[in-house]
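*Asks:* Here you go, coords_39.txt (compact mmCIF, C-alpha atoms):
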```
# COMPACT_ATOMS: atom_id res chain seq x y z
CA MET G 16 0.49 -66.42 -19.12
CA THR G 17 -0.38 -64.34 -16.05
CA LEU G 18 -3.70 -65.12 -14.39
CA LEU G 19 -6.18 -62.28 -14.59
CA PRO G 20 -6.85 -60.49 -11.30
CA ASP G 21 -10.30 -60.04 -9.82
CA PHE G 22 -12.35 -57.54 -11.81
CA ARG G 23 -12.72 -54.86 -9.16
CA LEU G 24 -15.74 -53.13 -10.70
CA GLU G 25 -17.70 -56.35 -11.17
CA THR G 26 -16.77 -57.61 -7.71
CA TYR G 27 -18.03 -54.34 -6.23
CA PHE G 28 -21.20 -54.51 -8.30
CA SER G 29 -21.77 -58.11 -7.26
CA ARG G 30 -22.14 -56.78 -3.72
CA TRP G 31 -24.15 -53.62 -4.40
CA GLU G 32 -25.56 -53.24 -7.94
CA PHE G 33 -28.89 -54.94 -7.34
CA THR G 34 -29.21 -54.35 -3.60
CA ALA G 35 -28.49 -50.61 -3.33
CA ARG G 36 -31.65 -48.49 -3.36
CA HIS G 37 -30.15 -45.83 -5.61
CA HIS G 38 -27.81 -46.93 -8.42
CA LEU G 39 -26.19 -43.53 -8.96
CA THR G 40 -23.12 -44.80 -10.76
CA ALA G 41 -24.73 -46.56 -13.75
CA SER G 42 -22.49 -46.57 -16.80
CA ASP G 43 -25.28 -47.08 -19.33
CA ALA G 44 -27.91 -44.71 -20.66
CA GLN G 45 -31.61 -45.15 -19.89
CA THR G 46 -32.87 -48.47 -21.20
CA MET G 47 -36.24 -49.34 -22.73
CA THR G 48 -38.73 -52.17 -22.67
CA MET G 49 -39.07 -54.89 -25.28
CA ALA G 50 -42.36 -53.35 -26.38
CA GLU G 51 -40.74 -49.95 -26.89
CA LEU G 52 -37.91 -51.41 -28.93
CA LEU G 53 -40.13 -53.66 -31.05
CA ALA G 54 -42.33 -50.66 -31.83
CA MET G 55 -39.32 -49.23 -33.69
CA ALA G 56 -38.98 -52.25 -35.98
CA ASP G 57 -39.65 -52.00 -39.69
CA ASP G 58 -41.90 -54.60 -41.29
CA ALA G 59 -39.03 -56.88 -42.31
CA ASP G 60 -37.43 -56.93 -38.86
CA ARG G 61 -40.79 -57.43 -37.14
CA ALA G 62 -41.49 -60.40 -39.41
CA ALA G 63 -38.01 -61.77 -38.70
CA TRP G 64 -38.70 -61.49 -34.97
CA ASP G 65 -42.09 -63.16 -35.19
CA THR G 66 -40.79 -66.08 -37.29
CA LEU G 67 -37.39 -66.49 -35.64
CA SER G 68 -36.06 -70.02 -35.36
CA LEU G 69 -33.89 -70.51 -32.28
CA GLY G 70 -30.97 -72.26 -33.91
CA TYR G 71 -27.30 -71.38 -34.08
CA THR G 72 -26.31 -68.15 -35.80
CA GLU G 73 -23.24 -67.22 -37.85
CA THR G 74 -20.02 -66.74 -35.90
CA PHE G 75 -19.36 -63.39 -37.57
CA GLY G 76 -22.87 -62.26 -36.69
CA ASP G 77 -26.20 -62.02 -38.47
CA PRO G 78 -25.52 -60.62 -41.99
CA ALA G 79 -28.30 -58.04 -41.74
CA LEU G 80 -26.99 -56.90 -38.35
CA ARG G 81 -23.47 -56.56 -39.74
CA GLN G 82 -24.87 -54.55 -42.63
CA ALA G 83 -26.64 -52.22 -40.20
CA ILE G 84 -23.42 -51.80 -38.21
CA ALA G 85 -21.37 -51.11 -41.35
CA GLY G 86 -23.83 -48.34 -42.20
CA MET G 87 -22.56 -46.42 -39.16
CA TYR G 88 -19.10 -46.09 -40.74
CA THR G 89 -17.84 -44.12 -43.72
CA HIS G 90 -15.44 -46.70 -45.13
CA ALA G 91 -16.47 -50.06 -43.65
CA GLU G 92 -18.46 -52.83 -45.30
CA ALA G 93 -20.43 -55.61 -43.63
CA ASP G 94 -17.47 -57.97 -44.14
CA ASP G 95 -15.37 -55.67 -41.95
CA VAL G 96 -17.62 -56.34 -38.92
CA ILE G 97 -17.57 -59.21 -36.44
CA CYS G 98 -20.07 -59.38 -33.58
CA PHE G 99 -19.48 -60.51 -30.01
CA ALA G 100 -21.37 -61.16 -26.78
CA GLY G 101 -20.92 -57.62 -25.50
CA ALA G 102 -17.84 -55.41 -25.77
CA GLU G 103 -15.84 -57.35 -23.16
CA GLU G 104 -15.59 -60.45 -25.34
CA GLY G 105 -14.43 -58.32 -28.27
CA LEU G 106 -11.74 -56.64 -26.17
CA TYR G 107 -10.57 -59.94 -24.69
CA LEU G 108 -10.31 -61.77 -28.00
CA ALA G 109 -8.77 -58.83 -29.85
CA MET G 110 -5.93 -58.59 -27.34
CA HIS G 111 -5.32 -62.34 -27.64
CA ALA G 112 -5.32 -62.10 -31.43
CA LEU G 113 -2.93 -59.14 -31.49
CA LEU G 114 -0.49 -59.73 -28.63
CA GLY G 115 2.01 -62.38 -27.64
CA PRO G 116 4.70 -62.59 -24.96
CA ASP G 117 7.33 -60.86 -27.13
CA ASP G 118 5.06 -57.92 -27.96
CA HIS G 119 4.27 -54.66 -26.17
CA ALA G 120 1.15 -52.52 -25.77
CA VAL G 121 0.44 -48.93 -24.77
CA VAL G 122 -2.76 -48.29 -22.79
CA ILE G 123 -4.36 -44.99 -21.83
CA THR G 124 -5.43 -44.63 -18.17
CA PRO G 125 -7.80 -44.36 -16.36
CA ASN G 126 -9.81 -47.01 -18.12
CA TYR G 127 -12.14 -49.96 -17.96
CA GLN G 128 -10.00 -52.43 -16.01
CA ALA G 129 -9.85 -55.09 -18.74
CA ALA G 130 -8.24 -52.57 -21.09
CA GLU G 131 -5.01 -52.94 -19.13
CA THR G 132 -5.28 -56.26 -17.29
CA VAL G 133 -5.97 -58.36 -20.39
CA PRO G 134 -2.89 -57.03 -22.26
CA LEU G 135 -0.84 -57.31 -19.06
CA ALA G 136 -1.67 -61.01 -18.93
CA LEU G 137 -0.12 -61.38 -22.40
CA CYS G 138 2.88 -59.05 -22.68
CA PRO G 139 4.64 -55.95 -21.27
CA VAL G 140 2.40 -52.88 -21.18
CA THR G 141 3.15 -49.18 -20.72
CA GLY G 142 0.48 -46.81 -19.43
CA VAL G 143 0.00 -43.19 -20.45
CA ALA G 144 -2.21 -41.25 -18.05
CA LEU G 145 -4.73 -38.59 -18.94
CA ASP G 146 -3.81 -35.49 -16.94
CA PRO G 147 -6.49 -34.59 -14.35
CA GLU G 148 -4.92 -31.19 -13.78
CA ARG G 149 -5.31 -30.28 -17.48
CA ASP G 150 -8.91 -31.38 -18.04
CA TRP G 151 -7.78 -34.99 -18.55
CA ALA G 152 -5.61 -34.01 -21.50
CA LEU G 153 -3.92 -36.71 -23.59
CA ASP G 154 -0.21 -36.08 -24.18
CA LEU G 155 0.52 -37.48 -27.64
CA ASP G 156 4.23 -36.93 -27.13
CA ALA G 157 4.01 -39.21 -24.08
CA VAL G 158 2.28 -41.83 -26.22
CA ALA G 159 5.04 -41.57 -28.82
CA ALA G 160 7.69 -41.88 -26.11
CA ALA G 161 6.00 -45.01 -24.73
CA ILE G 162 6.11 -46.82 -28.07
CA ARG G 163 8.80 -49.49 -28.49
CA PRO G 164 9.97 -51.46 -31.54
CA THR G 165 7.82 -54.34 -30.25
CA THR G 166 4.65 -52.28 -29.73
CA ARG G 167 1.71 -53.87 -31.51
CA VAL G 168 -1.28 -52.12 -29.91
CA VAL G 169 -2.17 -48.66 -28.62
CA SER G 170 -5.46 -48.84 -26.69
CA VAL G 171 -7.67 -45.80 -26.09
CA ASN G 172 -11.23 -45.03 -24.98
CA PHE G 173 -13.08 -41.82 -25.93
CA PRO G 174 -15.49 -40.63 -24.66
CA ASN G 175 -13.53 -41.96 -21.74
CA ASN G 176 -14.85 -44.11 -18.91
CA PRO G 177 -14.75 -42.84 -16.17
CA THR G 178 -13.70 -39.24 -16.92
CA GLY G 179 -16.01 -38.41 -19.83
CA LYS G 180 -13.09 -36.88 -21.72
CA VAL G 181 -13.28 -36.39 -25.49
CA VAL G 182 -9.99 -35.38 -27.10
CA ASP G 183 -9.81 -33.04 -30.09
CA ALA G 184 -10.51 -34.70 -33.43
CA ALA G 185 -7.20 -33.42 -34.79
CA ASP G 186 -5.31 -35.13 -31.97
CA PHE G 187 -7.24 -38.36 -32.53
CA ALA G 188 -6.37 -38.29 -36.23
CA ARG G 189 -2.75 -37.61 -35.35
CA LEU G 190 -2.77 -40.61 -33.02
CA ALA G 191 -4.15 -42.83 -35.80
CA ARG G 192 -1.41 -41.62 -38.18
CA MET G 193 1.23 -42.21 -35.50
CA CYS G 194 0.09 -45.81 -35.17
CA ASP G 195 -0.08 -46.35 -38.93
CA ASP G 196 3.40 -44.94 -39.46
CA ARG G 197 4.76 -47.50 -37.00
CA GLY G 198 2.68 -50.48 -38.10
CA ILE G 199 0.69 -50.47 -34.83
CA HIS G 200 -2.96 -51.37 -34.40
CA LEU G 201 -4.99 -48.59 -32.79
CA PHE G 202 -7.62 -50.25 -30.58
CA SER G 203 -10.37 -47.70 -29.97
CA ASP G 204 -13.13 -48.31 -27.42
CA GLU G 205 -16.00 -46.17 -28.75
CA VAL G 206 -18.89 -47.47 -26.65
CA TYR G 207 -20.00 -43.96 -25.57
CA ARG G 208 -19.83 -42.42 -29.02
CA GLY G 209 -23.04 -40.54 -29.76
CA LEU G 210 -23.53 -39.12 -26.25
CA GLU G 211 -21.33 -36.03 -26.62
CA LEU G 212 -22.72 -32.92 -24.92
CA ASP G 213 -21.59 -30.97 -27.99
CA PRO G 214 -22.22 -33.17 -31.07
CA SER G 215 -19.65 -31.15 -33.02
CA ARG G 216 -16.96 -32.76 -30.83
CA ARG G 217 -17.89 -36.31 -31.86
CA LEU G 218 -14.73 -38.11 -32.96
CA PRO G 219 -14.38 -40.02 -36.20
CA GLN G 220 -14.37 -43.77 -35.70
CA ALA G 221 -10.90 -45.28 -35.71
CA ALA G 222 -11.84 -47.89 -38.33
CA ASP G 223 -12.64 -45.03 -40.71
CA LEU G 224 -9.24 -43.42 -40.12
CA SER G 225 -7.08 -46.49 -40.63
CA GLU G 226 -7.31 -49.92 -42.22
CA ARG G 227 -5.32 -51.31 -39.27
CA ALA G 228 -7.44 -49.75 -36.53
CA LEU G 229 -10.11 -51.61 -34.55
CA SER G 230 -13.29 -49.82 -33.47
CA LEU G 231 -15.03 -51.49 -30.52
CA ASN G 232 -18.68 -50.72 -29.87
CA VAL G 233 -21.74 -52.24 -28.22
CA THR G 234 -25.48 -51.78 -27.73
CA SER G 235 -24.98 -51.44 -23.97
CA LYS G 236 -23.78 -47.92 -23.25
CA ALA G 237 -24.88 -45.11 -25.59
CA LEU G 238 -27.97 -47.01 -26.72
CA GLY G 239 -28.81 -48.16 -23.19
CA LEU G 240 -29.48 -51.78 -24.14
CA PRO G 241 -26.99 -53.85 -22.10
CA GLY G 242 -29.40 -56.77 -21.79
CA LEU G 243 -28.96 -57.55 -25.49
CA ARG G 244 -25.28 -58.47 -24.95
CA ILE G 245 -24.35 -57.52 -28.52
CA GLY G 246 -21.02 -55.86 -29.26
CA TRP G 247 -18.81 -55.68 -32.32
CA ILE G 248 -15.43 -54.81 -33.73
CA THR G 249 -15.13 -53.07 -37.06
CA CYS G 250 -11.73 -53.45 -38.74
CA ARG G 251 -10.80 -53.30 -42.43
CA ASP G 252 -7.90 -55.72 -41.94
CA ARG G 253 -9.63 -58.86 -43.23
CA GLU G 254 -6.85 -61.22 -42.11
CA LEU G 255 -7.17 -59.92 -38.55
CA ARG G 256 -10.93 -60.20 -38.72
CA SER G 257 -10.51 -63.86 -39.68
CA ARG G 258 -8.28 -64.41 -36.64
CA LEU G 259 -10.94 -62.88 -34.43
CA GLU G 260 -13.50 -65.31 -35.80
CA ARG G 261 -11.25 -68.27 -35.06
CA ALA G 262 -10.67 -66.96 -31.52
CA LYS G 263 -14.44 -66.63 -31.01
CA HIS G 264 -14.79 -70.35 -31.75
CA TYR G 265 -13.30 -70.92 -28.28
CA THR G 266 -15.67 -68.57 -26.43
CA THR G 267 -19.30 -67.90 -27.41
CA ILE G 268 -19.07 -69.41 -30.95
CA CYS G 269 -22.06 -67.31 -31.99
CA ASN G 270 -24.41 -64.70 -30.59
CA SER G 271 -27.98 -64.99 -29.33
CA ALA G 272 -30.37 -65.06 -32.30
CA PRO G 273 -33.10 -62.98 -30.56
CA SER G 274 -30.54 -60.43 -29.42
CA GLU G 275 -29.17 -60.02 -32.93
CA ILE G 276 -32.58 -59.12 -34.33
CA LEU G 277 -33.28 -56.74 -31.45
CA ALA G 278 -29.85 -55.14 -31.96
CA ARG G 279 -30.62 -54.76 -35.66
CA ILE G 280 -33.83 -52.92 -34.79
CA ALA G 281 -32.00 -50.67 -32.34
CA LEU G 282 -29.22 -49.78 -34.75
CA LYS G 283 -31.66 -48.86 -37.49
CA ALA G 284 -33.38 -46.58 -34.95
CA ARG G 285 -30.04 -45.44 -33.55
CA ASP G 286 -30.47 -41.72 -34.22
CA ARG G 287 -33.84 -41.69 -32.48
CA ILE G 288 -32.51 -43.57 -29.45
CA LEU G 289 -29.39 -41.41 -29.16
CA ASP G 290 -31.47 -38.22 -29.43
CA ARG G 291 -33.63 -39.49 -26.56
CA ASN G 292 -30.63 -40.42 -24.43
CA ARG G 293 -28.83 -37.12 -25.01
CA ALA G 294 -32.03 -35.32 -24.03
CA ILE G 295 -32.20 -37.32 -20.79
CA ILE G 296 -28.60 -36.39 -19.97
CA ALA G 297 -29.20 -32.72 -20.81
CA GLY G 298 -32.34 -32.73 -18.67
CA ASN G 299 -30.46 -34.35 -15.76
CA LEU G 300 -27.48 -32.01 -15.75
CA PRO G 301 -29.19 -29.09 -13.93
CA ALA G 302 -30.02 -31.40 -11.01
CA PHE G 303 -26.39 -32.51 -10.78
CA GLU G 304 -25.11 -28.95 -11.15
CA SER G 305 -27.41 -27.83 -8.33
CA PHE G 306 -26.37 -30.70 -6.07
CA PHE G 307 -22.65 -30.12 -6.49
CA ALA G 308 -23.07 -26.34 -6.15
CA GLU G 309 -24.63 -26.84 -2.72
CA PHE G 310 -21.69 -28.96 -1.60
CA ASP G 311 -18.88 -27.18 -3.40
CA ASP G 312 -16.76 -27.35 -0.26
CA LEU G 313 -16.72 -31.15 -0.61
CA PHE G 314 -16.60 -31.73 -4.36
CA ASP G 315 -15.01 -30.46 -7.56
CA TRP G 316 -17.57 -31.16 -10.26
CA GLN G 317 -17.21 -31.06 -14.02
CA ALA G 318 -19.75 -32.32 -16.53
CA PRO G 319 -18.31 -34.86 -18.99
CA ASP G 320 -17.53 -33.98 -22.59
CA GLY G 321 -19.33 -37.14 -23.63
CA GLY G 322 -20.82 -40.34 -22.33
CA CYS G 323 -23.08 -40.70 -19.33
CA VAL G 324 -20.58 -40.88 -16.45
CA ALA G 325 -18.56 -38.20 -14.69
CA TYR G 326 -15.58 -38.40 -12.32
CA PRO G 327 -15.79 -35.66 -9.64
CA ARG G 328 -13.16 -35.07 -6.97
CA TYR G 329 -14.03 -35.65 -3.31
CA ARG G 330 -12.22 -33.28 -0.95
CA GLY G 331 -13.32 -34.69 2.41
CA ARG G 332 -10.72 -35.69 4.98
CA ASP G 333 -12.12 -39.20 5.39
CA GLY G 334 -11.08 -40.18 1.86
CA VAL G 335 -13.21 -41.29 -1.03
CA GLU G 336 -13.10 -45.04 -0.28
CA ARG G 337 -14.55 -44.67 3.22
CA PHE G 338 -16.94 -41.97 1.99
CA CYS G 339 -18.46 -44.18 -0.72
CA THR G 340 -18.69 -47.18 1.61
CA GLU G 341 -20.51 -45.25 4.32
CA LEU G 342 -22.78 -43.62 1.75
CA VAL G 343 -24.05 -46.89 0.30
CA GLU G 344 -24.28 -48.62 3.68
CA GLU G 345 -26.21 -45.80 5.33
CA THR G 346 -28.33 -44.46 2.46
CA GLY G 347 -28.27 -47.08 -0.29
CA VAL G 348 -26.73 -44.56 -2.73
CA LEU G 349 -24.15 -46.37 -4.85
CA LEU G 350 -21.06 -44.62 -6.28
CA LEU G 351 -17.78 -46.09 -7.53
CA PRO G 352 -14.71 -44.91 -5.58
CA ALA G 353 -11.36 -44.26 -7.24
CA GLY G 354 -9.92 -47.57 -6.05
CA ILE G 355 -12.04 -49.32 -8.67
CA TYR G 356 -10.08 -47.40 -11.31
CA ARG G 357 -6.60 -47.62 -9.84
CA SER G 358 -4.02 -48.54 -12.44
CA GLY G 359 -1.04 -50.83 -12.19
CA LEU G 360 0.59 -48.86 -15.00
CA THR G 361 0.40 -45.20 -13.94
CA ASP G 362 -0.31 -43.02 -10.96
CA SER G 363 -4.04 -42.43 -10.75
CA PRO G 364 -6.10 -39.99 -8.64
CA ALA G 365 -7.19 -41.47 -5.32
CA ASP G 366 -9.82 -38.79 -4.61
CA ARG G 367 -12.37 -39.36 -7.39
CA PHE G 368 -15.62 -41.27 -7.75
CA ARG G 369 -17.76 -42.22 -10.72
CA ILE G 370 -21.31 -40.97 -10.93
CA GLY G 371 -23.83 -41.76 -13.64
CA ILE G 372 -25.93 -39.07 -15.31
CA GLY G 373 -27.75 -41.05 -18.00
CA ARG G 374 -30.73 -42.55 -16.16
CA ARG G 375 -34.13 -40.89 -15.78
CA ASP G 376 -35.22 -39.35 -12.48
CA PRO G 377 -31.93 -39.01 -10.56
CA GLU G 378 -33.59 -36.67 -8.06
CA PRO G 379 -34.53 -39.31 -5.42
CA ALA G 380 -30.93 -40.51 -5.32
CA LEU G 381 -29.54 -36.98 -5.19
CA ASP G 382 -32.04 -36.06 -2.47
CA ALA G 383 -30.98 -39.04 -0.33
CA PHE G 384 -27.34 -38.14 -0.96
CA ALA G 385 -27.91 -34.50 -0.03
CA THR G 386 -29.90 -35.33 3.12
CA TRP G 387 -27.07 -37.57 4.31
CA LEU G 388 -24.43 -34.89 3.63
CA ARG G 389 -26.40 -32.20 5.44
CA ALA G 390 -26.73 -34.44 8.51
CA ARG G 391 -22.93 -34.90 8.56
CA ARG G 392 -22.19 -31.17 8.66
```
Write the structure described by the file as structure tokens, please.
*Replies:*
Amino acid sequence: MTLLPDFRLETYFSRWEFTARHHLTASDAQTMTMAELLAMADDADRAAWDTLSLGYTETFGDPALRQAIAGMYTHAEADDVICFAGAEEGLYLAMHALLGPDDHAVVITPNYQAAETVPLALCPVTGVALDPERDWALDLDAVAAAIRPTTRVVSVNFPNNPTGKVVDAADFARLARMCDDRGIHLFSDEVYRGLELDPSRRLPQAADLSERALSLNVTSKALGLPGLRIGWITCRDRELRSRLERAKHYTTICNSAPSEILARIALKARDRILDRNRAIIAGNLPAFESFFAEFDDLFDWQAPDGGCVAYPRYRGRDGVERFCTELVEETGVLLLPAGIYRSGLTDSPADRFRIGIGRRDPEPALDAFATWLRARR
């Protein structure tokens, strides 16, 4: 087994996330306080919170939480859901349950680093890049060409982090059929689902399209509740779900009991929370549009199809890595340069940076950013 490399994003955040004055690259939507979340609880969940005993919980997850999660899907039942400590644990254990040294995986890039480095630690992996010159298009023929007789997993993420791309629903359904026809598990990271700028473009969940597919989700991103550390995988393959439970015995064993109740409250109020977060993004976009319009000689800006991050191009001669470093050191404005998202599988743009659009009041950060750029002209 290959040792996992340093997680570039987390290493970078360890240096800057809580020391930078302006966190302008946040990947989660606006969060809320405990009081705000508890105010959304129904009587039963409020009573469960008030009388909670702090013992161990079920490895699969709290039954009522799993029922609430299953209610988000068309075809899934509570028994098709297993909960994890965030999405990262689910991704890590799923790859270990699905892949061995004689297998092969196909991974879409750019991506959250673990989406390629965890499979790479287990087996050969082929990358298929979204095309930045065609609005980050996904070439399904390239996916088909990458598949081998030993391919066990095709891993995707839409809305995509960091590009914000949402593919057409017809293409997503075609991808699911392609995987089913070949006996492949489609692993679909859906953590930004619900934050589409155009709700009509919201993709079906992979677990609803195929009994073999795995839908990964979490309370962290679209709901803006990363402190809960509650994620899940929904998959109608019960034998695989059992393997995931056995794998979890070696990691967290079970989830935090308080977090499970809070997640249950959030998921029952999911529509209200997502409406609020989409409204924040929509309200923020004019400020970002105005900022990038002023500096259109330096940046190529495009709002994301979905999610709360975008991936603009930087056109300055100094290069995006130096640019982002000087920006945070001199102004405290934190962005993520393209090097964080470089892939070992495919060529990846070296002139991009990730910017977050899902937090309230981005104007102070954008003002500091703009003042710095004007002084450099």
*Asks:* Pick out the residues sitting within 12 Å of Glu211 in chain G, and hand them over as a PDB file with C-alpha atoms, keeping the file's coordinate frame; count all atoms listed in the file, and ignore anything fewer than 2 positions along from it in its own chain.
*Replies:*
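Wrote it out as selection_20.pdb, contents follow:
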```
ATOM      1  CA  PHE G 173     -13.080 -41.820 -25.930  1.00  0.00           C
ATOM      2  CA  PRO G 174     -15.490 -40.630 -24.660  1.00  0.00           C
ATOM      3  CA  ASN G 175     -13.530 -41.960 -21.740  1.00  0.00           C
ATOM      4  CA  GLY G 179     -16.010 -38.410 -19.830  1.00  0.00           C
ATOM      5  CA  LYS G 180     -13.090 -36.880 -21.720  1.00  0.00           C
ATOM      6  CA  VAL G 181     -13.280 -36.390 -25.490  1.00  0.00           C
ATOM      7  CA  VAL G 182      -9.990 -35.380 -27.100  1.00  0.00           C
ATOM      8  CA  GLU G 205     -16.000 -46.170 -28.750  1.00  0.00           C
ATOM      9  CA  VAL G 206     -18.890 -47.470 -26.650  1.00  0.00           C
ATOM     10  CA  TYR G 207     -20.000 -43.960 -25.570  1.00  0.00           C
ATOM     11  CA  ARG G 208     -19.830 -42.420 -29.020  1.00  0.00           C
ATOM     12  CA  GLY G 209     -23.040 -40.540 -29.760  1.00  0.00           C
ATOM     13  CA  ASP G 213     -21.590 -30.970 -27.990  1.00  0.00           C
ATOM     14  CA  PRO G 214     -22.220 -33.170 -31.070  1.00  0.00           C
ATOM     15  CA  SER G 215     -19.650 -31.150 -33.020  1.00  0.00           C
ATOM     16  CA  ARG G 216     -16.960 -32.760 -30.830  1.00  0.00           C
ATOM     17  CA  ARG G 217     -17.890 -36.310 -31.860  1.00  0.00           C
ATOM     18  CA  LEU G 218     -14.730 -38.110 -32.960  1.00  0.00           C
ATOM     19  CA  ALA G 237     -24.880 -45.110 -25.590  1.00  0.00           C
ATOM     20  CA  LEU G 289     -29.390 -41.410 -29.160  1.00  0.00           C
ATOM     21  CA  ASP G 290     -31.470 -38.220 -29.430  1.00  0.00           C
ATOM     22  CA  ASN G 292     -30.630 -40.420 -24.430  1.00  0.00           C
ATOM     23  CA  ARG G 293     -28.830 -37.120 -25.010  1.00  0.00           C
ATOM     24  CA  ALA G 294     -32.030 -35.320 -24.030  1.00  0.00           C
ATOM     25  CA  ILE G 296     -28.600 -36.390 -19.970  1.00  0.00           C
ATOM     26  CA  ALA G 297     -29.200 -32.720 -20.810  1.00  0.00           C
ATOM     27  CA  ALA G 318     -19.750 -32.320 -16.530  1.00  0.00           C
ATOM     28  CA  PRO G 319     -18.310 -34.860 -18.990  1.00  0.00           C
ATOM     29  CA  ASP G 320     -17.530 -33.980 -22.590  1.00  0.00           C
ATOM     30  CA  GLY G 321     -19.330 -37.140 -23.630  1.00  0.00           C
ATOM     31  CA  GLY G 322     -20.820 -40.340 -22.330  1.00  0.00           C
ATOM     32  CA  CYS G 323     -23.080 -40.700 -19.330  1.00  0.00           C
ATOM     33  CA  VAL G 324     -20.580 -40.880 -16.450  1.00  0.00           C
ATOM     34  CA  GLY G 373     -27.750 -41.050 -18.000  1.00  0.00           C
TER      35      GLY G 373
END
```
*Asks:* Within 12 Å of Arg392 in chain G, counting all atoms listed in the file, which residues qualify if same-chain residues fewer than 6 places away don't, as JSON, numbers by chain?
*Replies:* {"G": [310, 312, 313, 331, 385, 386]}
*Asks:* Can you tell me how far CA of Ala272 in chain G sits from CA of Thr234 in chain G, in Å to one decimal?
*Replies:*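 Interatomic distance, CA of Ala272 in chain G to CA of Thr234 in chain G: 14.9 Å.
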*Asks:* Which residues are near range 246-261 of chain G? Cut-off 8 Å, all atoms listed in the file, ignore same chain within fewer than 3 positions. Put them as a PDB file with C-alpha atoms, in the frame of the given file.
*Replies:*
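Result file out-v2.pdb:
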```
ATOM      1  CA  THR G  74     -20.020 -66.740 -35.900  1.00  0.00           C
ATOM      2  CA  PHE G  75     -19.360 -63.390 -37.570  1.00  0.00           C
ATOM      3  CA  ALA G  85     -21.370 -51.110 -41.350  1.00  0.00           C
ATOM      4  CA  ALA G  91     -16.470 -50.060 -43.650  1.00  0.00           C
ATOM      5  CA  ASP G  94     -17.470 -57.970 -44.140  1.00  0.00           C
ATOM      6  CA  ASP G  95     -15.370 -55.670 -41.950  1.00  0.00           C
ATOM      7  CA  VAL G  96     -17.620 -56.340 -38.920  1.00  0.00           C
ATOM      8  CA  ILE G  97     -17.570 -59.210 -36.440  1.00  0.00           C
ATOM      9  CA  CYS G  98     -20.070 -59.380 -33.580  1.00  0.00           C
ATOM     10  CA  PHE G  99     -19.480 -60.510 -30.010  1.00  0.00           C
ATOM     11  CA  ALA G 100     -21.370 -61.160 -26.780  1.00  0.00           C
ATOM     12  CA  GLY G 101     -20.920 -57.620 -25.500  1.00  0.00           C
ATOM     13  CA  ALA G 102     -17.840 -55.410 -25.770  1.00  0.00           C
ATOM     14  CA  GLY G 105     -14.430 -58.320 -28.270  1.00  0.00           C
ATOM     15  CA  LEU G 108     -10.310 -61.770 -28.000  1.00  0.00           C
ATOM     16  CA  ALA G 109      -8.770 -58.830 -29.850  1.00  0.00           C
ATOM     17  CA  ALA G 112      -5.320 -62.100 -31.430  1.00  0.00           C
ATOM     18  CA  ALA G 222     -11.840 -47.890 -38.330  1.00  0.00           C
ATOM     19  CA  SER G 225      -7.080 -46.490 -40.630  1.00  0.00           C
ATOM     20  CA  GLU G 226      -7.310 -49.920 -42.220  1.00  0.00           C
ATOM     21  CA  ARG G 227      -5.320 -51.310 -39.270  1.00  0.00           C
ATOM     22  CA  ALA G 228      -7.440 -49.750 -36.530  1.00  0.00           C
ATOM     23  CA  LEU G 229     -10.110 -51.610 -34.550  1.00  0.00           C
ATOM     24  CA  SER G 230     -13.290 -49.820 -33.470  1.00  0.00           C
ATOM     25  CA  LEU G 231     -15.030 -51.490 -30.520  1.00  0.00           C
ATOM     26  CA  ASN G 232     -18.680 -50.720 -29.870  1.00  0.00           C
ATOM     27  CA  VAL G 233     -21.740 -52.240 -28.220  1.00  0.00           C
ATOM     28  CA  THR G 234     -25.480 -51.780 -27.730  1.00  0.00           C
ATOM     29  CA  SER G 235     -24.980 -51.440 -23.970  1.00  0.00           C
ATOM     30  CA  HIS G 264     -14.790 -70.350 -31.750  1.00  0.00           C
ATOM     31  CA  TYR G 265     -13.300 -70.920 -28.280  1.00  0.00           C
TER      32      TYR G 265
END
```
*Asks:* With distances taken over only C-alpha atoms, which residue among G:Pro377, G:Gly76, G:Gly86, G:Gly354 lies nearest Ile245 in chain G?
*Replies:*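 Using only C-alpha atoms, Ile245 in chain G sits closest to G:Gly76.
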*Asks:* Counting all atoms listed in the file, which of G:Asp65, G:Asp223, G:Glu148, G:Glu92 gets nearest to Arg328 in chain G?
*Replies:*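 That would be G:Glu148, the residue with the smallest distance to Arg328 in chain G.
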*Asks:* Ser358 in chain G: which residues within 8 Å, counting all atoms listed in the file, same-chain residues fewer than 4 positions away excluded, as a PyMOL selection string?
*Replies:* chain G and resi 124-125+128+362-363
*Asks:* Can you write out the residues you just picked, keeping C-alpha atoms, as a compact mmCIF listing (two decimals), in the coordinates of the input?
*Replies:*
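In the end it all went to out.txt:
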```txt
# COMPACT_ATOMS: atom_id res chain seq x y z
CA THR G 124 -5.43 -44.63 -18.17
CA PRO G 125 -7.80 -44.36 -16.36
CA GLN G 128 -10.00 -52.43 -16.01
CA ASP G 362 -0.31 -43.02 -10.96
CA SER G 363 -4.04 -42.43 -10.75
```
*Asks:* Compile the contact shell of Phe22 in chain G as a PyMOL selection string: residues with an atom at most 12 Å away, counting all atoms listed in the file, same-chain residues fewer than 5 positions apart removed.
*Replies:* chain G and resi 27-29+103+127-133+354-357
*Asks:* Any chance you could export the current selection's C-alpha atoms as a short mmCIF file (atom, residue, chain, number, x, y, z; two decimals), in the coordinates of the input?
*Replies:*
```
data_model
loop_
_atom_site.label_atom_id
_atom_site.label_comp_id
_atom_site.auth_asym_id
_atom_site.auth_seq_id
_atom_site.Cartn_x
_atom_site.Cartn_y
_atom_site.Cartn_z
CA TYR G 27 -18.03 -54.34 -6.23
CA PHE G 28 -21.20 -54.51 -8.30
CA SER G 29 -21.77 -58.11 -7.26
CA GLU G 103 -15.84 -57.35 -23.16
CA TYR G 127 -12.14 -49.96 -17.96
CA GLN G 128 -10.00 -52.43 -16.01
CA ALA G 129 -9.85 -55.09 -18.74
CA ALA G 130 -8.24 -52.57 -21.09
CA GLU G 131 -5.01 -52.94 -19.13
CA THR G 132 -5.28 -56.26 -17.29
CA VAL G 133 -5.97 -58.36 -20.39
CA GLY G 354 -9.92 -47.57 -6.05
CA ILE G 355 -12.04 -49.32 -8.67
CA TYR G 356 -10.08 -47.40 -11.31
CA ARG G 357 -6.60 -47.62 -9.84
#
```
